$ cat entry.pdb   # PDB, C-alpha atoms
MODEL        1
ATOM      1  CA  GLY S  11     108.351  97.561 105.933  1.00  0.00           C
ATOM      2  CA  ILE S  12     108.050  98.393 102.244  1.00  0.00           C
ATOM      3  CA  THR S  13     107.770  94.825 100.923  1.00  0.00           C
ATOM      4  CA  PRO S  14     103.975  94.229 101.262  1.00  0.00           C
ATOM      5  CA  LEU S  15     103.144  97.703  99.945  1.00  0.00           C
ATOM      6  CA  LEU S  16     105.645  97.316  97.110  1.00  0.00           C
ATOM      7  CA  SER S  17     103.770  94.167  96.064  1.00  0.00           C
ATOM      8  CA  MET S  18     100.557  96.206  96.001  1.00  0.00           C
ATOM      9  CA  LEU S  19     102.251  98.889  93.876  1.00  0.00           C
ATOM     10  CA  ARG S  20     103.594  96.298  91.424  1.00  0.00           C
ATOM     11  CA  HIS S  21     100.134  94.737  91.099  1.00  0.00           C
ATOM     12  CA  THR S  22      98.426  98.103  90.553  1.00  0.00           C
ATOM     13  CA  VAL S  23     100.913  99.129  87.850  1.00  0.00           C
ATOM     14  CA  ARG S  24     100.709  95.723  86.186  1.00  0.00           C
ATOM     15  CA  GLU S  25      96.896  95.725  86.170  1.00  0.00           C
ATOM     16  CA  GLY S  26      96.816  99.316  84.971  1.00  0.00           C
ATOM     17  CA  MET S  27      99.093  98.585  82.040  1.00  0.00           C
ATOM     18  CA  ARG S  28      97.206  95.373  81.213  1.00  0.00           C
ATOM     19  CA  THR S  29      93.861  97.176  81.029  1.00  0.00           C
ATOM     20  CA  ARG S  30      95.160 100.502  79.691  1.00  0.00           C
ATOM     21  CA  TRP S  31      94.385 101.900  83.150  1.00  0.00           C
ATOM     22  CA  GLU S  32      90.630 101.448  82.681  1.00  0.00           C
ATOM     23  CA  SER S  33      90.462  99.027  85.652  1.00  0.00           C
ATOM     24  CA  ILE S  34      92.112 101.508  88.055  1.00  0.00           C
ATOM     25  CA  ARG S  35      89.272 103.725  89.215  1.00  0.00           C
ATOM     26  CA  ASN S  36      90.895 105.486  92.173  1.00  0.00           C
ATOM     27  CA  LYS S  37      94.263 107.205  92.341  1.00  0.00           C
ATOM     28  CA  THR S  38      96.951 105.599  94.499  1.00  0.00           C
ATOM     29  CA  TYR S  39      99.470 107.660  96.460  1.00  0.00           C
ATOM     30  CA  PHE S  40     102.519 105.576  97.423  1.00  0.00           C
ATOM     31  CA  ILE S  41     104.420 107.409 100.185  1.00  0.00           C
ATOM     32  CA  HIS S  42     107.835 105.944 101.046  1.00  0.00           C
ATOM     33  CA  LEU S  43     109.536 107.468 104.089  1.00  0.00           C
ATOM     34  CA  SER S  44     113.177 106.571 104.803  1.00  0.00           C
ATOM     35  CA  HIS S  45     115.740 107.923 107.223  1.00  0.00           C
ATOM     36  CA  ASP S  46     118.341 108.849 104.590  1.00  0.00           C
ATOM     37  CA  MET S  47     119.666 107.881 101.144  1.00  0.00           C
ATOM     38  CA  ASN S  48     121.537 104.876 102.572  1.00  0.00           C
ATOM     39  CA  THR S  49     118.365 103.328 104.015  1.00  0.00           C
ATOM     40  CA  ARG S  50     116.003 104.054 101.105  1.00  0.00           C
ATOM     41  CA  ALA S  51     115.219 100.458 100.095  1.00  0.00           C
ATOM     42  CA  PHE S  52     113.897  99.603  96.622  1.00  0.00           C
ATOM     43  CA  PHE S  53     114.223 103.223  95.506  1.00  0.00           C
ATOM     44  CA  GLN S  54     115.277 102.256  91.976  1.00  0.00           C
ATOM     45  CA  GLU S  55     112.329  99.879  91.555  1.00  0.00           C
ATOM     46  CA  THR S  56     109.748 102.320  92.913  1.00  0.00           C
ATOM     47  CA  SER S  57     111.163 105.014  90.605  1.00  0.00           C
ATOM     48  CA  GLU S  58     110.893 102.682  87.606  1.00  0.00           C
ATOM     49  CA  LEU S  59     107.311 101.753  88.544  1.00  0.00           C
ATOM     50  CA  ALA S  60     106.464 105.442  88.838  1.00  0.00           C
ATOM     51  CA  GLN S  61     107.824 106.045  85.329  1.00  0.00           C
ATOM     52  CA  ARG S  62     105.693 103.206  83.911  1.00  0.00           C
ATOM     53  CA  ALA S  63     102.552 104.328  85.743  1.00  0.00           C
ATOM     54  CA  ASN S  64      99.850 106.666  84.542  1.00  0.00           C
ATOM     55  CA  PRO S  65     100.453 109.795  86.693  1.00  0.00           C
ATOM     56  CA  ASP S  66      96.710 110.376  86.871  1.00  0.00           C
ATOM     57  CA  LYS S  67      96.345 106.976  88.554  1.00  0.00           C
ATOM     58  CA  ILE S  68      99.527 106.492  90.610  1.00  0.00           C
ATOM     59  CA  GLN S  69     101.863 108.942  92.310  1.00  0.00           C
ATOM     60  CA  VAL S  70     105.023 107.800  94.108  1.00  0.00           C
ATOM     61  CA  ILE S  71     106.360 110.147  96.788  1.00  0.00           C
ATOM     62  CA  SER S  72     109.768 109.399  98.314  1.00  0.00           C
ATOM     63  CA  LEU S  73     110.672 111.287 101.500  1.00  0.00           C
ATOM     64  CA  LEU S  74     113.783 111.358 103.698  1.00  0.00           C
ATOM     65  CA  SER S  75     113.208 112.173 107.350  1.00  0.00           C
ATOM     66  CA  THR S  76     116.661 113.769 107.570  1.00  0.00           C
ATOM     67  CA  VAL S  77     115.651 116.204 104.805  1.00  0.00           C
ATOM     68  CA  ASP S  78     111.840 116.364 104.756  1.00  0.00           C
ATOM     69  CA  GLY S  79     111.124 115.650 108.404  1.00  0.00           C
ATOM     70  CA  HIS S  80     108.544 113.165 109.669  1.00  0.00           C
ATOM     71  CA  LEU S  81     105.011 112.712 108.437  1.00  0.00           C
ATOM     72  CA  THR S  82     102.707 115.371 109.851  1.00  0.00           C
ATOM     73  CA  LYS S  83      99.134 116.508 109.400  1.00  0.00           C
ATOM     74  CA  GLU S  84     100.344 119.368 107.210  1.00  0.00           C
ATOM     75  CA  LYS S  85     102.474 117.077 105.051  1.00  0.00           C
ATOM     76  CA  PHE S  86      99.559 114.714 104.414  1.00  0.00           C
ATOM     77  CA  GLN S  87      97.386 117.690 103.492  1.00  0.00           C
ATOM     78  CA  GLN S  88     100.063 118.931 101.065  1.00  0.00           C
ATOM     79  CA  ILE S  89     100.332 115.543  99.351  1.00  0.00           C
ATOM     80  CA  LEU S  90      96.717 114.381  99.286  1.00  0.00           C
ATOM     81  CA  PRO S  91      93.868 116.292  97.649  1.00  0.00           C
ATOM     82  CA  LEU S  92      90.671 116.310  99.692  1.00  0.00           C
ATOM     83  CA  ASP S  93      89.038 112.898  99.197  1.00  0.00           C
ATOM     84  CA  ASN S  94      87.815 109.783 101.005  1.00  0.00           C
ATOM     85  CA  TYR S  95      90.946 107.596 101.178  1.00  0.00           C
ATOM     86  CA  GLU S  96      91.851 104.187 102.488  1.00  0.00           C
ATOM     87  CA  PHE S  97      95.274 104.060 104.154  1.00  0.00           C
ATOM     88  CA  TYR S  98      97.663 101.114 104.200  1.00  0.00           C
ATOM     89  CA  ILE S  99     100.599 101.379 106.622  1.00  0.00           C
ATOM     90  CA  CYS S 100     103.570  99.067 106.971  1.00  0.00           C
ATOM     91  CA  GLY S 101     106.776  99.561 108.947  1.00  0.00           C
ATOM     92  CA  PRO S 102     108.343  99.193 112.399  1.00  0.00           C
ATOM     93  CA  SER S 103     105.769  99.042 115.195  1.00  0.00           C
ATOM     94  CA  SER S 104     106.593 102.528 116.507  1.00  0.00           C
ATOM     95  CA  PHE S 105     106.249 104.104 113.034  1.00  0.00           C
ATOM     96  CA  THR S 106     103.004 102.248 112.377  1.00  0.00           C
ATOM     97  CA  GLN S 107     101.516 103.344 115.715  1.00  0.00           C
ATOM     98  CA  VAL S 108     102.540 106.991 115.296  1.00  0.00           C
ATOM     99  CA  THR S 109     101.206 107.136 111.733  1.00  0.00           C
ATOM    100  CA  TYR S 110      97.955 105.432 112.733  1.00  0.00           C
ATOM    101  CA  SER S 111      97.434 107.855 115.626  1.00  0.00           C
ATOM    102  CA  LEU S 112      98.208 110.799 113.345  1.00  0.00           C
ATOM    103  CA  LEU S 113      95.561 109.691 110.858  1.00  0.00           C
ATOM    104  CA  ARG S 114      92.955 109.043 113.581  1.00  0.00           C
ATOM    105  CA  GLN S 115      93.536 112.005 115.886  1.00  0.00           C
ATOM    106  CA  SER S 116      94.817 114.784 113.619  1.00  0.00           C
ATOM    107  CA  LEU S 117      93.072 113.980 110.335  1.00  0.00           C
ATOM    108  CA  GLY S 118      89.948 112.277 111.657  1.00  0.00           C
ATOM    109  CA  ILE S 119      90.273 109.164 109.476  1.00  0.00           C
ATOM    110  CA  ARG S 120      87.913 106.379 110.499  1.00  0.00           C
ATOM    111  CA  ASP S 121      89.517 103.287 111.996  1.00  0.00           C
ATOM    112  CA  ASP S 122      87.837 101.047 109.414  1.00  0.00           C
ATOM    113  CA  ARG S 123      89.660 102.927 106.617  1.00  0.00           C
ATOM    114  CA  ILE S 124      93.139 102.302 108.065  1.00  0.00           C
ATOM    115  CA  PHE S 125      94.856  98.974 107.401  1.00  0.00           C
ATOM    116  CA  ALA S 126      98.222  98.265 108.942  1.00  0.00           C
ATOM    117  CA  GLU S 127     100.913  95.628 109.150  1.00  0.00           C
ATOM    118  CA  ALA S 128     103.675  96.161 111.712  1.00  0.00           C
ATOM    119  CA  PHE S 129     106.852  94.211 112.308  1.00  0.00           C
ATOM    120  CA  GLY S 130     108.354  94.206 115.773  1.00  0.00           C
ATOM    121  CA  PRO S 131     107.385  93.126 119.287  1.00  0.00           C
ATOM    122  CA  SER S 132     104.231  95.197 119.856  1.00  0.00           C
ATOM    123  CA  ALA S 133     100.862  95.105 118.154  1.00  0.00           C
ATOM    124  CA  LEU S 134      99.024  98.133 116.820  1.00  0.00           C
ATOM    125  CA  LYS S 135      96.732  99.739 119.410  1.00  0.00           C
ATOM    126  CA  ARG S 136      93.597 100.788 117.606  1.00  0.00           C
ATOM    127  CA  GLU S 137      90.935 103.330 118.500  1.00  0.00           C
ATOM    128  CA  PRO S 138      87.608 101.775 117.414  1.00  0.00           C
ATOM    129  CA  ASP S 139      85.005 103.988 115.804  1.00  0.00           C
ATOM    130  CA  ASP S 140      81.866 104.576 117.875  1.00  0.00           C
ATOM    131  CA  ASN S 141      78.954 102.370 116.844  1.00  0.00           C
ATOM    132  CA  PHE S 142      81.068 100.633 114.195  1.00  0.00           C
ATOM    133  CA  SER S 143      80.788  96.904 113.574  1.00  0.00           C
ATOM    134  CA  PRO S 144      82.702  95.140 110.798  1.00  0.00           C
ATOM    135  CA  PRO S 145      80.605  93.856 107.906  1.00  0.00           C
ATOM    136  CA  GLU S 146      79.774  90.170 107.878  1.00  0.00           C
ATOM    137  CA  PRO S 147      80.857  87.961 104.962  1.00  0.00           C
ATOM    138  CA  LEU S 148      78.296  87.956 102.171  1.00  0.00           C
ATOM    139  CA  VAL S 149      77.708  84.230 102.611  1.00  0.00           C
ATOM    140  CA  PRO S 150      78.942  81.834 105.298  1.00  0.00           C
ATOM    141  CA  ALA S 151      81.886  79.535 104.696  1.00  0.00           C
ATOM    142  CA  ALA S 152      81.213  75.887 104.054  1.00  0.00           C
ATOM    143  CA  THR S 153      80.883  73.706 107.147  1.00  0.00           C
ATOM    144  CA  THR S 154      81.340  70.420 105.271  1.00  0.00           C
ATOM    145  CA  PRO S 155      84.206  69.157 103.062  1.00  0.00           C
ATOM    146  CA  GLN S 156      84.199  70.761  99.624  1.00  0.00           C
ATOM    147  CA  HIS S 157      85.421  69.508  96.252  1.00  0.00           C
ATOM    148  CA  VAL S 158      88.079  71.890  94.861  1.00  0.00           C
ATOM    149  CA  ARG S 159      89.469  71.530  91.350  1.00  0.00           C
ATOM    150  CA  PHE S 160      92.686  73.208  90.169  1.00  0.00           C
ATOM    151  CA  ALA S 161      92.057  73.363  86.430  1.00  0.00           C
ATOM    152  CA  LYS S 162      95.506  74.096  84.978  1.00  0.00           C
ATOM    153  CA  THR S 163      97.240  71.448  87.045  1.00  0.00           C
ATOM    154  CA  HIS S 164      94.388  68.919  86.563  1.00  0.00           C
ATOM    155  CA  PHE S 165      94.266  68.268  90.305  1.00  0.00           C
ATOM    156  CA  ASP S 166      91.201  67.638  92.465  1.00  0.00           C
ATOM    157  CA  THR S 167      91.152  67.639  96.253  1.00  0.00           C
ATOM    158  CA  GLN S 168      88.960  68.222  99.291  1.00  0.00           C
ATOM    159  CA  TRP S 169      88.877  71.418 101.350  1.00  0.00           C
ATOM    160  CA  GLU S 170      88.248  70.581 105.011  1.00  0.00           C
ATOM    161  CA  PRO S 171      86.660  73.112 107.402  1.00  0.00           C
ATOM    162  CA  GLU S 172      88.821  73.972 110.435  1.00  0.00           C
ATOM    163  CA  LYS S 173      91.727  72.151 108.796  1.00  0.00           C
ATOM    164  CA  SER S 174      92.596  73.303 105.286  1.00  0.00           C
ATOM    165  CA  GLY S 175      92.760  77.038 105.976  1.00  0.00           C
ATOM    166  CA  SER S 176      92.590  79.425 103.015  1.00  0.00           C
ATOM    167  CA  LEU S 177      92.556  78.287  99.398  1.00  0.00           C
ATOM    168  CA  LEU S 178      96.138  79.540  99.134  1.00  0.00           C
ATOM    169  CA  GLU S 179      97.135  77.218 101.983  1.00  0.00           C
ATOM    170  CA  LEU S 180      95.236  74.371 100.326  1.00  0.00           C
ATOM    171  CA  ALA S 181      97.114  74.935  97.053  1.00  0.00           C
ATOM    172  CA  GLU S 182     100.479  75.108  98.835  1.00  0.00           C
ATOM    173  CA  ALA S 183      99.739  71.906 100.754  1.00  0.00           C
ATOM    174  CA  HIS S 184      99.503  70.086  97.418  1.00  0.00           C
ATOM    175  CA  GLY S 185     102.546  71.719  95.795  1.00  0.00           C
ATOM    176  CA  ILE S 186     100.606  74.037  93.488  1.00  0.00           C
ATOM    177  CA  GLN S 187     102.572  77.196  92.737  1.00  0.00           C
ATOM    178  CA  VAL S 188     100.727  80.436  93.529  1.00  0.00           C
ATOM    179  CA  SER S 189     102.061  83.993  93.427  1.00  0.00           C
ATOM    180  CA  TYR S 190     101.535  85.807  96.730  1.00  0.00           C
ATOM    181  CA  ALA S 191     103.122  88.463  98.933  1.00  0.00           C
ATOM    182  CA  CYS S 192     101.338  89.868 101.994  1.00  0.00           C
ATOM    183  CA  ARG S 193      98.971  86.903 102.738  1.00  0.00           C
ATOM    184  CA  LEU S 194      96.638  89.461 104.356  1.00  0.00           C
ATOM    185  CA  GLY S 195      94.308  90.291 101.473  1.00  0.00           C
ATOM    186  CA  ASN S 196      96.006  93.655 100.952  1.00  0.00           C
ATOM    187  CA  CYS S 197      98.341  93.453  97.985  1.00  0.00           C
ATOM    188  CA  GLY S 198      96.294  91.628  95.336  1.00  0.00           C
ATOM    189  CA  THR S 199      99.185  89.417  94.203  1.00  0.00           C
ATOM    190  CA  CYS S 200      97.234  86.191  94.748  1.00  0.00           C
ATOM    191  CA  VAL S 201      94.116  87.222  92.783  1.00  0.00           C
ATOM    192  CA  THR S 202      92.893  84.108  90.963  1.00  0.00           C
ATOM    193  CA  LYS S 203      90.088  83.526  88.471  1.00  0.00           C
ATOM    194  CA  ILE S 204      87.133  81.405  89.583  1.00  0.00           C
ATOM    195  CA  LEU S 205      86.007  79.136  86.736  1.00  0.00           C
ATOM    196  CA  LYS S 206      83.100  77.602  88.630  1.00  0.00           C
ATOM    197  CA  GLY S 207      81.571  78.060  92.055  1.00  0.00           C
ATOM    198  CA  SER S 208      81.853  80.722  94.744  1.00  0.00           C
ATOM    199  CA  VAL S 209      84.003  81.717  97.706  1.00  0.00           C
ATOM    200  CA  THR S 210      83.661  83.857 100.796  1.00  0.00           C
ATOM    201  CA  TYR S 211      86.197  85.571 103.050  1.00  0.00           C
ATOM    202  CA  ALA S 212      87.216  85.524 106.678  1.00  0.00           C
ATOM    203  CA  THR S 213      88.075  89.240 106.884  1.00  0.00           C
ATOM    204  CA  PRO S 214      86.034  92.357 106.031  1.00  0.00           C
ATOM    205  CA  LEU S 215      89.007  93.824 104.148  1.00  0.00           C
ATOM    206  CA  ALA S 216      89.164  90.920 101.726  1.00  0.00           C
ATOM    207  CA  ALA S 217      85.367  90.842 101.330  1.00  0.00           C
ATOM    208  CA  ALA S 218      85.420  94.517 100.319  1.00  0.00           C
ATOM    209  CA  ALA S 219      88.439  94.275  98.002  1.00  0.00           C
ATOM    210  CA  ASP S 220      88.099  95.918  94.607  1.00  0.00           C
ATOM    211  CA  ILE S 221      88.813  92.994  92.265  1.00  0.00           C
ATOM    212  CA  GLU S 222      87.274  91.794  89.022  1.00  0.00           C
ATOM    213  CA  ASP S 223      84.133  89.697  88.996  1.00  0.00           C
ATOM    214  CA  ALA S 224      84.715  85.926  89.053  1.00  0.00           C
ATOM    215  CA  HIS S 225      88.091  86.425  90.768  1.00  0.00           C
ATOM    216  CA  CYS S 226      89.145  85.960  94.388  1.00  0.00           C
ATOM    217  CA  LEU S 227      91.945  86.763  96.819  1.00  0.00           C
ATOM    218  CA  LEU S 228      93.247  83.258  97.345  1.00  0.00           C
ATOM    219  CA  CYS S 229      95.054  84.037 100.618  1.00  0.00           C
ATOM    220  CA  GLN S 230      91.761  84.922 102.344  1.00  0.00           C
ATOM    221  CA  ALA S 231      89.211  82.939 100.348  1.00  0.00           C
ATOM    222  CA  VAL S 232      87.414  79.789 101.501  1.00  0.00           C
ATOM    223  CA  PRO S 233      84.681  77.804  99.712  1.00  0.00           C
ATOM    224  CA  VAL S 234      80.963  78.097 100.329  1.00  0.00           C
ATOM    225  CA  GLU S 235      78.632  75.100 100.238  1.00  0.00           C
ATOM    226  CA  GLN S 236      78.480  73.909  96.593  1.00  0.00           C
ATOM    227  CA  GLU S 237      79.089  70.918  94.335  1.00  0.00           C
ATOM    228  CA  VAL S 238      82.536  71.986  93.098  1.00  0.00           C
ATOM    229  CA  LEU S 239      84.817  75.011  93.210  1.00  0.00           C
ATOM    230  CA  GLU S 240      87.070  75.242  90.145  1.00  0.00           C
ATOM    231  CA  LEU S 241      90.035  77.628  90.106  1.00  0.00           C
ATOM    232  CA  ASP S 242      92.260  78.746  87.229  1.00  0.00           C
ATOM    233  CA  LEU S 243      95.433  77.252  88.724  1.00  0.00           C
TER     234      LEU S 243
ENDMDL
END
$ encode --input "entry.pdb" --output "structure tokens"
Amino acid sequence: GITPLLSMLRHTVREGMRTRWESIRNKTYFIHLSHDMNTRAFFQETSELAQRANPDKIQVISLLSTVDGHLTKEKFQQILPLDNYEFYICGPSSFTQVTYSLLRQSLGIRDDRIFAEAFGPSALKREPDDNFSPPEPLVPAATTPQHVRFAKTHFDTQWEPEKSGSLLELAEAHGIQVSYACRLGNCGTCVTKILKGSVTYATPLAAAADIEDAHCLLCQAVPVEQEVLELDL
């Protein structure tokens, strides 16, 4: 369950170091809960990332349920200063559901501020906020074929509505190498510079992502109606 969130942590540390932490406006708390020492995956890497990170911007908390117990309302309140957070949860379906319900029912976190990815047979059962409707994309996706240019590889192709999928899928279909991890618009690994043109997104999460201007999350991005979309790939 740690893999997608670990990709997000890597990206945040990398971007922070690249920009001397000026691009990281909000503090990230990375909470890793394992059963015991033998099941604490990627502990060495998360510890190394924590050492490289600016402690005012990133804090890594590693907990063992056999020692520290499970996540509770009180434990969240001990770890997190009072603020308006977004929560990203990943793990087995039972853990994801319990943590989601804890955030909603005990801490009063809005549903639209909780993002989750579960692995296992059951899907997350959400409790929608009253009178909440997800934001619409800023502009509609193109409904006609669009000219897409991959600048570094000197390759031009057509994006087809209802066929090509995301720009990440379009790149993969033509053998263009792209770094990615979660494919959900969460981790930021696939952020790509837009040299010309514009994109929109299929999901509210991706549309609201905090990324640099003239960049996009390739795994969720699709073209808008325009003459050409040119990407730095």
$ residues_near_point --input "entry.pdb" --point "(80.4, 74.4, 107.8)" --cutoff "12 Å" --atoms "all atoms listed in the file" --output "list in words"
Val149, Pro150, Ala151, Ala152, Thr153, Thr154, Pro155, Gln156, Trp169, Glu170, Pro171, Glu172, Lys173, Val232, Pro233, Val234, Glu235 and Gln236 of chain S
$ closest_atom_pairs --input "entry.pdb" --of "stretch 67-132 of chain S" --to "stretch 14-37 of chain S" --cutoff "9 Å" --atoms "all atoms listed in the file" --output "tab-separated table"
residue	atom	partner	partner_atom	distance
S:Lys67	CA	S:Lys37	CA	4.3
S:Ile68	CA	S:Lys37	CA	5.6
S:Gln69	CA	S:Lys37	CA	7.8
S:Tyr98	CA	S:Leu15	CA	7.7
S:Ile99	CA	S:Leu15	CA	8.0
S:Cys100	CA	S:Leu15	CA	7.2
S:Glu127	CA	S:Pro14	CA	8.6
$ write_last_selection --input "entry.pdb" --atoms "C-alpha atoms" --output "short mmCIF file (atom, residue, chain, number, x, y, z; two decimals), in the coordinates of the input"
data_model
loop_
_atom_site.label_atom_id
_atom_site.label_comp_id
_atom_site.auth_asym_id
_atom_site.auth_seq_id
_atom_site.Cartn_x
_atom_site.Cartn_y
_atom_site.Cartn_z
CA LYS S 67 96.34 106.98 88.55
CA ILE S 68 99.53 106.49 90.61
CA GLN S 69 101.86 108.94 92.31
CA TYR S 98 97.66 101.11 104.20
CA ILE S 99 100.60 101.38 106.62
CA CYS S 100 103.57 99.07 106.97
CA GLU S 127 100.91 95.63 109.15
#
$ closest_residue --input "entry.pdb" --among "S:Tyr39, S:Gly118, S:Glu240, S:Leu73" --to "S:Phe165" --atoms "only C-alpha atoms"
S:Glu240
$ closest_residue --input "entry.pdb" --among "S:Ile89, S:Ile221, S:Val108, S:Ala161" --to "S:Ala126" --atoms "all atoms listed in the file"
S:Val108
$ residues_around --input "entry.pdb" --residues "stretch 180-195 of chain S" --least-positions-apart "5" --cutoff "7 Å" --atoms "all atoms listed in the file" --output "PyMOL selection string"
chain S and resi 14+17+174-175+200+215-216+227+229-230
